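Please read the structure below before turning to the comments.
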Amino acid sequence: MDSAAVYLALPEPDRAQHLWRYTPWHRIHPTGKHGDLPESTGPPTLSLSLLDGESAPEGVTLTSATPEDLAELCGTPHDDVASTLIRALSEGQAVVLRVDRGTILDQPLLLDVDAEGEVCSLHLLLDIGSMAEIELVTSMSGNAGWFGLLREGRVRAGAHLNDVVVNRLGSTHMLRVDGIQVERDAQVRAGVVGVGAKRAKADLRYGLIGAGASIWVNGSLTSMGKQHNDHHIEILHEARETFSRLAWHSACGGRSRTVGTGMLRIVHGAKGSDAAQLFHNLLLSKDAEADSIPELEVLENEVVGCGHGTASGPIDEDQIFYLQSRGFSIAGARAVIITAFLNATLSAMGSETLHRWLNDLLSSGLPDLAM
């Protein structure tokens with residue numbers, strides 16, 4: 001059965017489901033009607049290079065996905081409505097970013113995704129070879145009316161991957177789904193940087209399927225105006241001695257709303273696992289709203305530790321006063337505090353080169369937030 005038929009056979013998700021509580025399905029569907037499968041205006045324009053503008057080196061390729069790639073690298077369930085919709089819209093146009101075994105890069109890779117048209121979608125498969133060491137930045141930009149991004153794949157044994165996705169879209173409605181499997185002794189740092197899109201819903205799922213696998217998920221998000229950002233992050237510990245940390249920072253101004261929900265699951269038999277999550281929200285106006293819901297599900301007794309927490313609040317007026325006493329204007333003082341708040345997670349996403357690039361990008365939007 002093709003993806004379109006699979007999608008049309010699925011029931012509309014109920015708002016009572018945890019995943020769709022804060023962003024009902026009809027508000028992120030391209031037409032607002034579950035039974036519609038709109039015609040895609042085509043995939044986005046993709047370009048792959050190093051962050052300094054040089055061509056992608058040997059050992060890194062971006063090609064059309066084969067049936068074998070789809071069978072091996074797809075990691076989201078076929079009864080998941082969001083991934084199935086994007087898969088149906090991208091039927092026959094999936095691409096695979098492959099990094100050969102043992103490839104080591106001293107510059108971050110930049111995958112530029114330019115999304116245009118009324119309904120645009122991308123099904124991207126990641127195949128990160130064992131013992132590879134790379135940083136990958138996926139930068140989404142453009143003014144598509146609706147954009148769907150489905151990323152699936154595997155980080156092979158012993159690989160080190162810094163994987164940052166940057167949302168720089170215009171007034172787009174964006175639906176993003178990740179299904180990434182992390183194999184034995186592989187280390188992943190997954191970063192989410194958000195400065196764009198009018199409405200964004202993301203369901204990010206990571207499976208630690210090999211002993212010794214680890215993942216750090218860091219979020220640095222800014223929202224202003226009437227933006228709506230809803231991110232669900234789920235980390236499944238399936239193997240022994242796996243490790244995860246989730247740190248999420250959102251700065252909300254105007255009448256915007258951010259939602260962060262985290263679920264850390266440790267299955268029976270995943271002995272020695274260590275998991276924790278923490279959400280921080282900085283409220284920059286009286287009309288901004290931030291919701292954080294950290295959750296744990298632990299089915300194994302022999303774990304190193306499990307913890308979660310959340311905190312929300314406005315800028316500390318004492319900090320504003322202190323910076324003003326050092327010569328800052330009110331707007332300048334607010335910008336410094338917001339920058340420091342977002343940098344707490346931004347700096348954990350990768351190398352100094354990557355951090356400088358991300359910091360410049362995020363800082364460009366801070367004057368509006370600081371007002």
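A note on labels: chains of the structure tokens are A, B, ... as shown, every chain counts residues from 1, and ligands are counted from 1 in their shown order.
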
Excluding A:Cys306 and its own-chain neighbours fewer than 3 positions away, which residues fall within 8 Å of it when counting only C-alpha atoms? Please give them as a PyMOL selection string. chain A and resi 274-276+296+303

Residue contacts of stretch 230-235 of chain A (7 Å, only C-alpha atoms) excluding same-chain residues fewer than 6 positions away, as a list of chain:residue names: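 That gives A:Ala200, A:Lys201, A:Ala202, A:Asp203, A:Leu204, A:Arg205, A:Tyr206, A:Gly207, A:Thr258, A:Val259, A:Gly260, A:Thr261, A:Gly262, A:Met263, A:Leu264, A:Arg265.
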
Using only C-alpha atoms, which of A:Leu136, A:Leu109, A:Thr76, A:Cys120 sits nearest A:Gln93?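 Residue with the minimum atom-to-atom distance to A:Gln93: A:Cys120.
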
DSSP on the backbone: which residues in stretch 62-289 of chain A end up as strand (DSSP E)? Give the answer as a ChimeraX atom specification. /A:62-64,95-99,109-114,119-128,133-141,146-155,160-167,173-182,187-194,199-208,214-223,228-237,243-252,257-266,274-283,289

Write down as an MDAnalysis selection string the residues of stretch 55-289 of chain A whose backbone DSSP state falls under helix (DSSP H, G or I). chainID A and resid 67:73 81:89

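The coordinates place atom CA of A:Glu135 at 11.4 Å from atom CA of A:Glu352.
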
Tell me, as a ChimeraX atom specification, which residues lie within 10 Å of stretch 52-69 of chain A, counting only C-alpha atoms; anything in the same chain fewer than 5 positions away does not count. /A:46-47,74,92-105,107-111,123-129,132,153,353

Keeping only N, CA and C atoms, write the selected residues to a file as a compact mmCIF listing (two decimals), in the first residue's frame.
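Heads up, here's the output in part.txt:
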```txt
# COMPACT_ATOMS: atom_id res chain seq x y z
N LEU A 46 17.75 22.08 -2.53
CA LEU A 46 18.77 21.67 -1.57
C LEU A 46 20.16 22.01 -2.09
N SER A 47 21.03 22.43 -1.20
CA SER A 47 22.44 22.59 -1.54
C SER A 47 23.26 22.14 -0.34
N CYS A 74 14.30 4.15 7.47
CA CYS A 74 13.07 4.73 8.01
C CYS A 74 12.87 4.27 9.44
N GLY A 92 8.43 9.14 -3.67
CA GLY A 92 9.32 9.05 -4.82
C GLY A 92 10.39 10.12 -4.89
N GLN A 93 10.44 11.02 -3.90
CA GLN A 93 11.41 12.12 -3.93
C GLN A 93 12.29 12.17 -2.69
N ALA A 94 12.33 11.10 -1.91
CA ALA A 94 13.17 11.08 -0.71
C ALA A 94 14.64 11.14 -1.11
N VAL A 95 15.45 11.79 -0.27
CA VAL A 95 16.89 11.88 -0.51
C VAL A 95 17.62 11.34 0.72
N VAL A 96 18.85 10.88 0.49
CA VAL A 96 19.65 10.35 1.59
C VAL A 96 20.96 11.11 1.66
N LEU A 97 21.28 11.58 2.86
CA LEU A 97 22.58 12.19 3.14
C LEU A 97 23.43 11.13 3.79
N ARG A 98 24.47 10.70 3.08
CA ARG A 98 25.29 9.59 3.56
C ARG A 98 26.70 10.07 3.87
N VAL A 99 27.19 9.68 5.05
CA VAL A 99 28.56 9.96 5.46
C VAL A 99 29.26 8.62 5.60
N ASP A 100 30.34 8.44 4.85
CA ASP A 100 31.03 7.16 4.83
C ASP A 100 31.70 6.85 6.18
N ARG A 101 31.88 5.58 6.41
CA ARG A 101 32.56 5.10 7.62
C ARG A 101 33.91 5.79 7.80
N GLY A 102 34.17 6.28 9.01
CA GLY A 102 35.47 6.86 9.35
C GLY A 102 35.71 8.26 8.85
N THR A 103 34.73 8.89 8.21
CA THR A 103 34.90 10.25 7.71
C THR A 103 34.98 11.23 8.88
N ILE A 104 36.00 12.09 8.87
CA ILE A 104 36.18 13.10 9.91
C ILE A 104 36.32 14.46 9.23
N LEU A 105 35.45 15.40 9.60
CA LEU A 105 35.46 16.73 9.01
C LEU A 105 35.88 17.76 10.05
N GLN A 107 35.33 21.02 9.44
CA GLN A 107 34.40 22.11 9.24
C GLN A 107 32.98 21.56 9.26
N PRO A 108 32.01 22.29 9.82
CA PRO A 108 30.64 21.81 9.77
C PRO A 108 30.10 21.73 8.35
N LEU A 109 29.24 20.74 8.12
CA LEU A 109 28.48 20.65 6.87
C LEU A 109 27.25 21.53 6.97
N LEU A 110 26.89 22.16 5.86
CA LEU A 110 25.68 22.97 5.81
C LEU A 110 24.76 22.43 4.72
N LEU A 111 23.60 21.96 5.12
CA LEU A 111 22.56 21.56 4.17
C LEU A 111 21.53 22.67 4.15
N HIS A 123 11.53 14.61 2.54
CA HIS A 123 11.80 13.37 3.27
C HIS A 123 13.30 13.13 3.17
N LEU A 124 14.00 13.35 4.28
CA LEU A 124 15.46 13.27 4.31
C LEU A 124 15.88 12.10 5.18
N LEU A 125 16.72 11.22 4.60
CA LEU A 125 17.28 10.09 5.34
C LEU A 125 18.74 10.38 5.66
N LEU A 126 19.12 10.10 6.90
CA LEU A 126 20.51 10.27 7.34
C LEU A 126 21.14 8.91 7.56
N ASP A 127 22.32 8.73 6.97
CA ASP A 127 23.09 7.50 7.18
C ASP A 127 24.50 7.91 7.57
N ILE A 128 24.75 7.99 8.87
CA ILE A 128 26.04 8.45 9.39
C ILE A 128 26.89 7.22 9.71
N GLY A 129 27.94 7.02 8.94
CA GLY A 129 28.75 5.82 9.02
C GLY A 129 29.46 5.65 10.36
N ALA A 132 32.49 7.82 12.12
CA ALA A 132 32.54 9.14 11.51
C ALA A 132 32.43 10.21 12.59
N GLY A 153 16.69 8.09 10.08
CA GLY A 153 18.01 7.56 9.79
C GLY A 153 18.68 6.90 10.97
N THR A 353 33.42 27.00 16.13
CA THR A 353 33.06 27.52 14.81
C THR A 353 31.55 27.50 14.60
```

Two-atom distance - atom CA of A:Leu85, atom CA of A:Asp36 (Å):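 Between atom CA of A:Leu85 and atom CA of A:Asp36 the gap is 10.1 Å.
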
Expressed in Å to a single decimal, how great is the separation between atom CA of A:Gln227 and atom CA of A:Arg189?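 These two atoms are separated by 26.3 Å.
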
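The nearest approach to A:Asp318 among the residues A:Ala290, A:Ala88, A:Leu19, A:Ile330, with only C-alpha atoms taken into account, belongs to A:Ile330.
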
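Among the candidates A:His160, A:His29, A:Arg15, A:Arg184, the residue lying nearest to A:Gly350 is A:His160 (atoms considered: only C-alpha atoms).
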
So which residues touch A:Asp112 within 10 Å, counting only C-alpha atoms, skipping near sequence neighbours fewer than 2 positions away, as an MDAnalysis selection string? chainID A and resid 44:49 109:110 114:115 137:141 166

From the list A:Arg87, A:Leu284, A:Val155, A:Phe341, which residue is nearest A:Ala247 when using only C-alpha atoms?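 Checking each candidate against A:Ala247, we get A:Phe341 as the closest.
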
Hey, which of A:Leu361, A:Leu221, A:Ala335, A:Ile180 ends up closest to A:Leu73? Count only C-alpha atoms. A:Ile180
